[in-house]
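Next comes start-v4.txt, a file with compact mmCIF, C-alpha atoms and all ligand atoms.
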# COMPACT_ATOMS: atom_id res chain seq x y z
CA MET A 1 -2.11 -9.65 -26.17
CA SER A 2 -3.46 -11.13 -22.95
CA GLU A 3 -3.93 -8.65 -20.15
CA ARG A 4 -3.88 -11.26 -17.46
CA THR A 5 -0.27 -12.37 -17.72
CA THR A 6 2.26 -12.01 -14.91
CA THR A 7 5.72 -10.57 -15.44
CA ASP A 8 7.09 -13.94 -16.57
CA GLY A 9 4.37 -14.20 -19.19
CA VAL A 10 2.30 -16.83 -17.36
CA ASN A 11 -1.43 -16.43 -16.93
CA GLU A 12 -2.44 -17.07 -13.32
CA ALA A 13 -5.75 -18.82 -14.02
CA GLU A 14 -6.22 -22.65 -13.83
CA PRO A 15 -4.43 -24.23 -16.80
CA LEU A 16 -6.50 -25.64 -19.65
CA VAL A 17 -3.80 -28.19 -20.32
CA ALA A 18 -1.12 -29.38 -17.91
CA LEU A 19 1.48 -31.87 -19.08
CA ARG A 20 4.16 -33.55 -17.02
CA CYS A 21 6.42 -35.76 -19.09
CA GLU A 22 9.45 -37.34 -17.49
CA ALA A 23 10.38 -38.78 -20.87
CA HIS A 24 8.96 -39.78 -24.21
CA THR A 25 10.81 -42.58 -25.94
CA TYR A 26 9.96 -43.40 -29.59
CA PRO A 27 9.74 -47.08 -30.61
CA ASP A 28 13.29 -47.00 -32.04
CA GLY A 29 14.64 -45.92 -28.63
CA THR A 30 15.13 -42.21 -29.43
CA VAL A 31 14.21 -39.98 -26.51
CA GLY A 32 12.18 -37.18 -28.13
CA MET A 33 11.55 -35.22 -24.95
CA HIS A 34 12.42 -35.42 -21.26
CA ASP A 35 11.74 -33.67 -17.94
CA VAL A 36 9.08 -31.37 -19.34
CA GLU A 37 6.36 -29.59 -17.41
CA PHE A 38 4.21 -27.54 -19.71
CA ALA A 39 0.88 -25.77 -19.17
CA VAL A 40 -1.48 -23.86 -21.42
CA HIS A 41 -3.48 -21.15 -19.66
CA PRO A 42 -6.69 -19.43 -20.74
CA ASP A 43 -6.31 -16.47 -23.04
CA GLU A 44 -2.77 -16.93 -24.28
CA VAL A 45 -0.78 -17.55 -27.44
CA VAL A 46 2.31 -19.65 -26.68
CA ALA A 47 5.09 -20.01 -29.25
CA LEU A 48 7.42 -23.03 -28.99
CA VAL A 49 10.77 -22.25 -30.57
CA GLY A 50 14.01 -24.22 -30.87
CA GLY A 51 16.36 -25.76 -33.37
CA ASN A 52 15.62 -28.82 -35.53
CA GLY A 53 15.03 -31.93 -33.45
CA SER A 54 14.75 -29.99 -30.18
CA GLY A 55 11.42 -31.65 -29.33
CA LYS A 56 8.74 -29.14 -30.40
CA SER A 57 6.53 -31.55 -32.38
CA THR A 58 6.97 -34.22 -29.73
CA LEU A 59 5.71 -31.81 -27.07
CA LEU A 60 2.80 -30.59 -29.19
CA GLU A 61 1.64 -34.14 -29.92
CA HIS A 62 1.42 -34.82 -26.18
CA LEU A 63 -1.10 -31.99 -25.69
CA ASN A 64 -4.01 -33.93 -27.24
CA ALA A 65 -2.68 -37.37 -26.26
CA THR A 66 -1.55 -38.33 -29.78
CA LEU A 67 1.66 -39.27 -27.95
CA VAL A 68 1.77 -40.25 -24.31
CA PRO A 69 4.69 -39.94 -21.86
CA ASP A 70 6.63 -43.03 -20.77
CA GLU A 71 6.05 -41.63 -17.31
CA GLY A 72 3.96 -38.58 -16.49
CA GLU A 73 0.47 -37.12 -16.68
CA LEU A 74 -1.75 -35.06 -18.97
CA ARG A 75 -4.64 -33.04 -17.55
CA VAL A 76 -7.06 -31.28 -19.87
CA THR A 77 -9.60 -28.78 -18.48
CA GLY A 78 -9.00 -30.27 -15.03
CA GLN A 79 -9.52 -33.94 -16.03
CA ALA A 80 -6.73 -36.50 -16.01
CA VAL A 81 -6.44 -38.03 -19.48
CA THR A 82 -6.17 -41.83 -19.51
CA ASN A 83 -6.43 -44.42 -22.28
CA GLU A 84 -10.18 -44.53 -21.60
CA ASN A 85 -10.87 -40.81 -22.09
CA LYS A 86 -8.44 -39.66 -24.78
CA ALA A 87 -11.52 -38.42 -26.66
CA HIS A 88 -11.80 -35.64 -24.05
CA ALA A 89 -8.29 -34.44 -24.91
CA ARG A 90 -9.00 -34.67 -28.67
CA ARG A 91 -12.18 -32.67 -28.28
CA GLU A 92 -10.74 -29.90 -26.07
CA VAL A 93 -7.40 -29.63 -27.84
CA GLY A 94 -7.70 -29.20 -31.62
CA PHE A 95 -4.59 -30.05 -33.62
CA VAL A 96 -3.70 -28.44 -36.95
CA PHE A 97 -0.99 -30.46 -38.68
CA GLN A 98 1.87 -28.90 -40.61
CA ASP A 99 1.00 -31.06 -43.62
CA ALA A 100 -2.55 -29.87 -44.25
CA ASP A 101 -3.17 -32.74 -46.71
CA THR A 102 -3.16 -35.24 -43.84
CA GLN A 103 -6.20 -33.48 -42.42
CA ILE A 104 -8.23 -33.16 -45.63
CA VAL A 105 -10.88 -35.86 -45.97
CA ALA A 106 -13.78 -34.51 -48.07
CA PRO A 107 -14.37 -33.48 -51.71
CA THR A 108 -15.12 -29.79 -51.00
CA VAL A 109 -13.86 -27.33 -48.44
CA LEU A 110 -17.31 -26.95 -46.85
CA ASP A 111 -17.74 -30.75 -46.57
CA ASP A 112 -14.30 -30.96 -45.08
CA VAL A 113 -15.11 -28.45 -42.34
CA LEU A 114 -18.46 -30.22 -41.77
CA PHE A 115 -16.82 -33.62 -41.37
CA GLY A 116 -15.95 -33.39 -37.68
CA LEU A 117 -19.36 -31.96 -36.80
CA HIS A 118 -21.12 -34.86 -38.53
CA ASN A 119 -18.93 -37.24 -36.54
CA TYR A 120 -20.10 -35.54 -33.35
CA GLY A 121 -23.74 -35.93 -34.48
CA VAL A 122 -24.43 -32.20 -34.79
CA PRO A 123 -27.74 -31.67 -36.70
CA ALA A 124 -27.22 -30.74 -40.38
CA ASP A 125 -28.58 -27.16 -40.21
CA GLU A 126 -26.55 -26.24 -37.18
CA ALA A 127 -23.46 -27.96 -38.61
CA GLU A 128 -23.68 -25.95 -41.82
CA ARG A 129 -24.12 -22.67 -39.95
CA ARG A 130 -21.12 -23.41 -37.72
CA ALA A 131 -18.95 -24.54 -40.65
CA ARG A 132 -19.73 -21.33 -42.57
CA GLU A 133 -18.97 -19.25 -39.47
CA ALA A 134 -15.63 -21.01 -38.96
CA LEU A 135 -14.66 -20.42 -42.59
CA ALA A 136 -15.66 -16.76 -42.24
CA THR A 137 -13.52 -16.40 -39.08
CA VAL A 138 -10.43 -17.38 -41.07
CA ASP A 139 -11.54 -15.34 -44.11
CA ALA A 140 -11.95 -18.45 -46.25
CA SER A 141 -15.68 -18.27 -47.11
CA HIS A 142 -14.81 -17.80 -50.78
CA LEU A 143 -13.15 -21.24 -50.79
CA GLU A 144 -16.13 -23.29 -49.59
CA ASP A 145 -16.92 -24.99 -52.93
CA ARG A 146 -13.30 -25.59 -53.89
CA ILE A 147 -11.61 -29.00 -53.99
CA PRO A 148 -9.31 -28.99 -50.95
CA HIS A 149 -6.40 -30.80 -52.63
CA TYR A 150 -6.05 -28.04 -55.25
CA LEU A 151 -5.78 -25.18 -52.75
CA SER A 152 -2.50 -23.37 -52.20
CA GLY A 153 -0.46 -24.15 -49.08
CA GLY A 154 -1.69 -21.02 -47.29
CA GLU A 155 -5.32 -21.69 -48.21
CA LYS A 156 -5.03 -25.29 -46.99
CA ARG A 157 -3.63 -24.01 -43.70
CA LEU A 158 -6.66 -21.72 -43.23
CA VAL A 159 -9.10 -24.53 -44.09
CA GLY A 160 -7.31 -26.86 -41.63
CA LEU A 161 -7.67 -24.13 -38.99
CA ALA A 162 -11.40 -23.74 -39.76
CA GLY A 163 -11.86 -27.54 -39.51
CA VAL A 164 -10.48 -27.47 -35.98
CA LEU A 165 -12.06 -24.17 -34.94
CA VAL A 166 -15.55 -25.40 -35.85
CA LEU A 167 -15.36 -28.07 -33.13
CA GLU A 168 -15.03 -25.28 -30.52
CA PRO A 169 -11.98 -26.58 -28.65
CA SER A 170 -10.50 -24.81 -25.61
CA VAL A 171 -7.02 -24.87 -27.13
CA ILE A 172 -5.75 -25.00 -30.72
CA VAL A 173 -2.32 -26.48 -31.38
CA LEU A 174 -0.56 -25.68 -34.66
CA ASP A 175 2.61 -27.43 -35.76
CA GLU A 176 4.68 -24.99 -37.85
CA PRO A 177 1.73 -22.95 -39.16
CA PHE A 178 3.97 -20.57 -41.14
CA ALA A 179 6.23 -23.18 -42.78
CA GLY A 180 6.32 -22.84 -46.55
CA LEU A 181 4.15 -19.70 -46.62
CA ASP A 182 5.18 -16.44 -48.30
CA PRO A 183 5.38 -13.37 -46.02
CA GLU A 184 1.89 -12.17 -46.96
CA ARG A 185 0.28 -15.57 -46.26
CA SER A 186 2.25 -15.89 -43.00
CA ARG A 187 0.90 -12.53 -41.97
CA LEU A 188 -2.64 -13.62 -42.82
CA VAL A 189 -2.38 -16.87 -40.84
CA ALA A 190 -0.78 -14.96 -37.91
CA ASP A 191 -3.61 -12.47 -38.05
CA ARG A 192 -6.22 -15.27 -37.91
CA ILE A 193 -4.41 -16.85 -34.96
CA ARG A 194 -4.69 -13.56 -33.06
CA ARG A 195 -8.35 -13.38 -33.99
CA ILE A 196 -8.93 -16.89 -32.61
CA ASP A 197 -7.14 -15.90 -29.39
CA ALA A 198 -9.37 -12.82 -29.15
CA GLU A 199 -12.38 -15.17 -29.29
CA GLY A 200 -11.15 -16.87 -26.10
CA ILE A 201 -9.36 -19.92 -27.52
CA SER A 202 -5.77 -20.39 -26.38
CA VAL A 203 -3.23 -21.20 -29.06
CA VAL A 204 0.04 -23.14 -28.89
CA LEU A 205 2.22 -23.20 -31.98
CA SER A 206 5.70 -24.27 -32.95
CA THR A 207 7.70 -22.17 -35.35
CA HIS A 208 11.12 -21.36 -36.75
CA ASP A 209 9.82 -17.90 -37.67
CA LEU A 210 10.89 -15.82 -34.69
CA ASP A 211 9.71 -12.57 -36.31
CA THR A 212 6.14 -13.84 -36.36
CA ALA A 213 6.49 -15.42 -32.91
CA ALA A 214 7.61 -12.01 -31.60
CA ALA A 215 4.60 -10.40 -33.25
CA ILE A 216 1.90 -12.70 -31.88
CA ALA A 217 3.05 -14.63 -28.79
CA ASP A 218 2.19 -13.74 -25.20
CA ARG A 219 4.71 -16.33 -24.01
CA VAL A 220 7.66 -18.03 -25.66
CA CYS A 221 8.94 -21.48 -24.65
CA VAL A 222 12.42 -22.30 -25.84
CA MET A 223 13.31 -25.96 -26.43
CA ALA A 224 16.76 -27.49 -26.73
CA ASP A 225 17.84 -31.15 -26.61
CA GLY A 226 14.34 -32.41 -25.80
CA GLY A 227 13.75 -30.08 -22.86
CA VAL A 228 12.10 -26.70 -22.24
CA VAL A 229 14.99 -24.40 -21.32
CA SER A 230 12.97 -21.21 -20.87
CA SER A 231 9.36 -20.05 -20.66
CA ALA A 232 9.00 -16.30 -20.49
CA THR A 233 7.73 -13.19 -22.23
CA PRO A 234 8.97 -12.45 -25.77
CA GLN A 235 10.90 -9.49 -24.33
CA GLU A 236 12.81 -11.72 -21.91
CA VAL A 237 13.50 -14.51 -24.38
CA PHE A 238 14.39 -12.51 -27.47
CA TYR A 239 16.86 -10.19 -25.70
CA ASP A 240 18.66 -13.11 -23.99
CA ASP A 241 21.59 -13.80 -26.33
CA ASP A 242 23.01 -16.68 -24.26
CA LEU A 243 19.67 -18.47 -24.24
CA LEU A 244 19.15 -17.98 -27.99
CA GLU A 245 22.64 -19.21 -28.77
CA ARG A 246 22.13 -22.30 -26.62
CA ALA A 247 18.98 -23.07 -28.63
CA ASN A 248 20.62 -22.33 -32.03
CA LEU A 249 18.38 -19.31 -32.60
CA HIS A 250 18.96 -15.79 -33.87
CA PRO A 251 17.06 -12.79 -32.47
CA PRO A 252 14.04 -11.59 -34.47
CA SER A 253 14.52 -8.67 -36.87
CA THR A 254 12.80 -6.20 -34.54
CA VAL A 255 15.44 -6.89 -31.90
CA ARG A 256 18.28 -6.59 -34.42
CA ILE A 257 16.87 -3.31 -35.79
CA ALA A 258 16.39 -1.94 -32.26
CA ARG A 259 20.01 -2.71 -31.48
CA ASP A 260 21.31 -1.32 -34.79
CA ALA A 261 19.37 1.85 -34.07
CA GLY A 262 21.01 2.05 -30.63
CA LEU A 263 17.71 1.42 -28.85
CA GLU A 264 19.03 -0.75 -25.99
CA THR A 265 16.29 0.58 -23.72
CA ASP A 266 14.39 -1.10 -20.90
CA ALA A 267 11.38 -1.11 -23.24
CA ARG A 268 12.89 -4.00 -25.28
CA PRO A 269 10.67 -3.69 -28.35
CA VAL A 270 9.77 -7.03 -29.97
CA THR A 271 6.77 -6.15 -32.13
CA GLU A 272 6.89 -3.86 -35.13
CA THR A 273 4.45 -1.47 -33.44
CA GLU A 274 6.63 -1.20 -30.32
CA LEU A 275 9.73 -0.68 -32.45
CA VAL A 276 8.13 2.01 -34.60
CA ALA A 277 6.86 3.85 -31.51
CA LEU A 278 10.35 3.91 -29.99
CA LEU A 279 12.02 4.94 -33.24
CA ASP A 280 9.44 7.70 -33.63
CA GLU A 281 10.09 8.85 -30.06
CA GLY A 282 13.84 8.79 -30.73
CA SER A 283 13.51 10.76 -33.92
CA ALA A 284 11.02 13.34 -32.59
CA GLY A 285 12.62 16.72 -33.06
CA THR A 286 15.12 15.35 -35.59
CA ASP A 287 14.41 14.57 -39.25
CA GLY A 288 11.40 12.28 -38.79
CA GLY A 289 13.35 8.99 -38.78
CA ALA A 290 12.69 6.47 -41.59
CA VAL A 291 11.67 3.07 -40.25
CA ALA A 292 12.53 -0.35 -41.64
CA HIS A 293 9.44 -2.57 -41.52
CA THR A 294 9.90 -6.24 -40.65
CA GLY A 295 6.67 -7.09 -42.44
CA THR A 296 5.59 -9.68 -39.88
CA GLU A 297 3.10 -7.93 -37.67
CA PRO A 298 -0.46 -9.12 -38.18
CA THR A 299 -3.03 -6.54 -39.13
CA ASP A 300 -6.13 -6.07 -36.96
N1 LIG B 1 8.71 -41.05 -35.04
C1 LIG B 1 9.92 -40.88 -34.52
N2 LIG B 1 10.73 -41.94 -34.30
C2 LIG B 1 11.96 -41.78 -33.76
N3 LIG B 1 12.49 -40.58 -33.39
C3 LIG B 1 11.72 -39.50 -33.58
C4 LIG B 1 10.41 -39.58 -34.16
N4 LIG B 1 9.90 -38.32 -34.24
C5 LIG B 1 10.84 -37.50 -33.74
N5 LIG B 1 11.93 -38.21 -33.34
C6 LIG B 1 13.15 -37.68 -32.70
O1 LIG B 1 12.78 -36.97 -31.53
C7 LIG B 1 13.58 -35.79 -31.40
C8 LIG B 1 12.66 -34.56 -31.35
O2 LIG B 1 12.02 -34.46 -32.62
P1 LIG B 1 10.87 -33.40 -32.92
O3 LIG B 1 10.29 -33.78 -34.24
O4 LIG B 1 9.97 -33.34 -31.75
O5 LIG B 1 11.71 -32.06 -33.03
P2 LIG B 1 11.28 -30.63 -33.60
O6 LIG B 1 11.80 -29.63 -32.62
O7 LIG B 1 9.82 -30.62 -33.88
O8 LIG B 1 12.13 -30.57 -34.93
P3 LIG B 1 11.92 -29.75 -36.30
O9 LIG B 1 12.07 -28.30 -35.97
O10 LIG B 1 13.05 -30.26 -37.14
O11 LIG B 1 10.56 -30.13 -36.85
C9 LIG B 1 14.54 -35.79 -32.57
O12 LIG B 1 15.74 -36.37 -32.12
C10 LIG B 1 13.87 -36.68 -33.59
O13 LIG B 1 14.81 -37.34 -34.43
Show the structure stored in the file as C-alpha cells.
Amino acid sequence: MSERTTTDGVNEAEPLVALRCEAHTYPDGTVGMHDVEFAVHPDEVVALVGGNGSGKSTLLEHLNATLVPDEGELRVTGQAVTNENKAHARREVGFVFQDADTQIVAPTVLDDVLFGLHNYGVPADEAERRAREALATVDASHLEDRIPHYLSGGEKRLVGLAGVLVLEPSVIVLDEPFAGLDPERSRLVADRIRRIDAEGISVVLSTHDLDTAAAIADRVCVMADGGVVSSATPQEVFYDDDLLERANLHPPSTVRIARDAGLETDARPVTETELVALLDEGSAGTDGGAVAHTGTEPTD
C-alpha cells in the first residue's frame, strides 16, 4: 500500500484527477450524481463502494470525460478538461469497462492490445514490444494469439486491462473489475491491480466485493444516493457500522472474523495478513489458533 497517505487515507501530493460535479443529470431527467468532489492522487488504489444505483459508474465515467457534469469542472494532471481537449483526459485516464466485449475490437489478443498504439501512431516495432510487455504485466502472454471473443470472463478482463495499460495512462479506472469472476480469478485480477499500482499508476475501481476492496485499497469512498458520503482508510470505513448501514453494505469477512474472534482492538485488521498476524499474536502461548482464510488477499 502507499506509504505517502495521511491518516484519512489521502495522499498529499497534487491530484492527478480532480472532479467537482454539482450534479449530473441523464437525458431522461434522472440525477445520477450530485455535490461530488473527488480527487485521485499519485500512488493510490481507491475503491468506490455503495449499493446499486448509488452513483459509482456515473462518477467513474466523469473521470475521463465520458460524462460531463451539468455544472462543475474536471482537471486531469493539472489541466482543465474542456470539450476541446477531452483527448487529454482519455489519454491520461484509461477506462476498463465491466463488459470487456465492448472494448474488444481486433481478431487476436495481441492485435487488440496493439490497436490503441496504432491509433496513436506508435511505430510498429515499438508498439509490438509495448503490447507484449503489457500482456506480460497482467500474466496474459499465453493468450496473445487467441480470439478475444472466445476468452473466459477473467481472461477478457486481463486483456482489457493490458489494452489500457499499454497506453501508459496516469490513472486506470475499472468499473466492477471482479464482477462475475470466481474467487481465484478475482484474486488474480486484484493481484494485477496491485502490480499496476506498484508501477506508479493510480487505480480507481468500483466494486460490490468488499473483501477484495479491503485487501487492495489504500482509500475507500462510500457512495449513497448519488453522493460520496465518506472517503477514508479501509480501517475507518469498514469498522463504521452506521456508515455501512446507511450505504446498504455489510462489513468484509476479515472484519466479521476479527469481531467473532473478539479482536476489537485499535489495530482494526482489514486485510487477511493483518488478521492472521493478530490471531497469531492472540493465540501465542495457547494452542496455535486455527485461522479462517477469507481467500481474497492478492498474492505478491
Ligand atoms: N443512462 C442512464 N440514464 C438514466 N439514468 C441512469 C443512466 N445510468 C445510470 N442512471 C441512474 O443514475 C443513478 C446512478 O446509477 P449508477 O449506474 O451510477 O449506479 P451504480 O452505483 O454504478 O450502480 P450499480 O452498483 O447497480 O452498478 C441510478 O439512479 C441510475 O438509475
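Proximity ranking of A:Arg185, A:Lys56, A:Arg146, A:Arg129 relative to ligand LIG 1 (chain B) places A:Lys56 first, based on all atoms listed in the file.
Minimum atom-to-atom distances from A:Pro42, A:Gly50, A:Pro123, A:Gly32 to Val220 (chain A) were compared using all atoms listed in the file, and the lowest value belongs to A:Gly50.
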Which is closest to ligand LIG 1 (chain B) among A:Ala224, A:Leu188, A:Ala106, A:Ala277, if we use only C-alpha atoms and all ligand atoms?
A:Ala224
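Near ligand LIG 1 (chain B), at a distance of at most 6 Å and with all atoms listed in the file counted, sit the residues Tyr26, Asp28, Thr30, Gly32, Gly51, Asn52, Gly53, Ser54, Gly55, Lys56, Ser57 and Thr58 of chain A.
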Please return, as an mmCIF file with C-alpha atoms, in the coordinates of the input, all polymer residues that have at least one atom within 12 Å of the point (9.1, -9.9, -36.4); use all atoms listed in the file and the file's own coordinate frame.
data_model
loop_
_atom_site.group_PDB
_atom_site.id
_atom_site.type_symbol
_atom_site.label_atom_id
_atom_site.label_comp_id
_atom_site.auth_asym_id
_atom_site.auth_seq_id
_atom_site.Cartn_x
_atom_site.Cartn_y
_atom_site.Cartn_z
ATOM 1 C CA PRO A 183 5.380 -13.370 -46.020
ATOM 2 C CA SER A 186 2.250 -15.890 -43.000
ATOM 3 C CA ARG A 187 0.900 -12.530 -41.970
ATOM 4 C CA ALA A 190 -0.780 -14.960 -37.910
ATOM 5 C CA HIS A 208 11.120 -21.360 -36.750
ATOM 6 C CA ASP A 209 9.820 -17.900 -37.670
ATOM 7 C CA LEU A 210 10.890 -15.820 -34.690
ATOM 8 C CA ASP A 211 9.710 -12.570 -36.310
ATOM 9 C CA THR A 212 6.140 -13.840 -36.360
ATOM 10 C CA ALA A 213 6.490 -15.420 -32.910
ATOM 11 C CA ALA A 214 7.610 -12.010 -31.600
ATOM 12 C CA ALA A 215 4.600 -10.400 -33.250
ATOM 13 C CA ILE A 216 1.900 -12.700 -31.880
ATOM 14 C CA ALA A 217 3.050 -14.630 -28.790
ATOM 15 C CA PRO A 234 8.970 -12.450 -25.770
ATOM 16 C CA PHE A 238 14.390 -12.510 -27.470
ATOM 17 C CA HIS A 250 18.960 -15.790 -33.870
ATOM 18 C CA PRO A 251 17.060 -12.790 -32.470
ATOM 19 C CA PRO A 252 14.040 -11.590 -34.470
ATOM 20 C CA SER A 253 14.520 -8.670 -36.870
ATOM 21 C CA THR A 254 12.800 -6.200 -34.540
ATOM 22 C CA VAL A 255 15.440 -6.890 -31.900
ATOM 23 C CA ARG A 256 18.280 -6.590 -34.420
ATOM 24 C CA ILE A 257 16.870 -3.310 -35.790
ATOM 25 C CA ALA A 258 16.390 -1.940 -32.260
ATOM 26 C CA PRO A 269 10.670 -3.690 -28.350
ATOM 27 C CA VAL A 270 9.770 -7.030 -29.970
ATOM 28 C CA THR A 271 6.770 -6.150 -32.130
ATOM 29 C CA GLU A 272 6.890 -3.860 -35.130
ATOM 30 C CA THR A 273 4.450 -1.470 -33.440
ATOM 31 C CA GLU A 274 6.630 -1.200 -30.320
ATOM 32 C CA LEU A 275 9.730 -0.680 -32.450
ATOM 33 C CA ALA A 292 12.530 -0.350 -41.640
ATOM 34 C CA HIS A 293 9.440 -2.570 -41.520
ATOM 35 C CA THR A 294 9.900 -6.240 -40.650
ATOM 36 C CA GLY A 295 6.670 -7.090 -42.440
ATOM 37 C CA THR A 296 5.590 -9.680 -39.880
ATOM 38 C CA GLU A 297 3.100 -7.930 -37.670
ATOM 39 C CA PRO A 298 -0.460 -9.120 -38.180
#
CA of Leu63 (chain A) to CA of Leu19 (chain A): how many Å, to one decimal?
7.1 Å
Separating CA of His142 (chain A) from CA of Glu44 (chain A), to the nearest tenth of an Å, is a gap of 29.1 Å
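Taking only C-alpha atoms into account, His88 (chain A) lies nearest to A:Val17 out of the set A:Ala198, A:Val17, A:Leu135, A:Met223.
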Using all atoms listed in the file, which residue out of A:Ile147, A:Ala18, A:Val46, A:Ala232 lies closest to Ile201 (chain A)?
A:Val46
Residue neighbourhood Leu243 (chain A), 10 Å, all atoms listed in the file, exclusion window fewer than 6 positions, as an MDAnalysis selection string:
chainID A and resid 222 224 229:230 236:237 249
I'd like the neighbourhood of Ala162 (chain A) as a list in words, where a residue qualifies if any of its atoms comes within 9 Å (using only C-alpha atoms), though same-chain residues fewer than 5 positions away should be ignored.
Val113, Ala131, Glu133, Ala134, Leu135, Ala136, Thr137, Val138, Ala140, Arg157 and Leu167 of chain A
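Minimum distance to Gly282 (chain A) across A:Phe115, A:Leu16, A:Leu263, A:Asp35 (counting all atoms listed in the file) occurs at A:Leu263.
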Here CA of Ser202 (chain A) and CA of Ile172 (chain A) stand apart by 6.3 Å
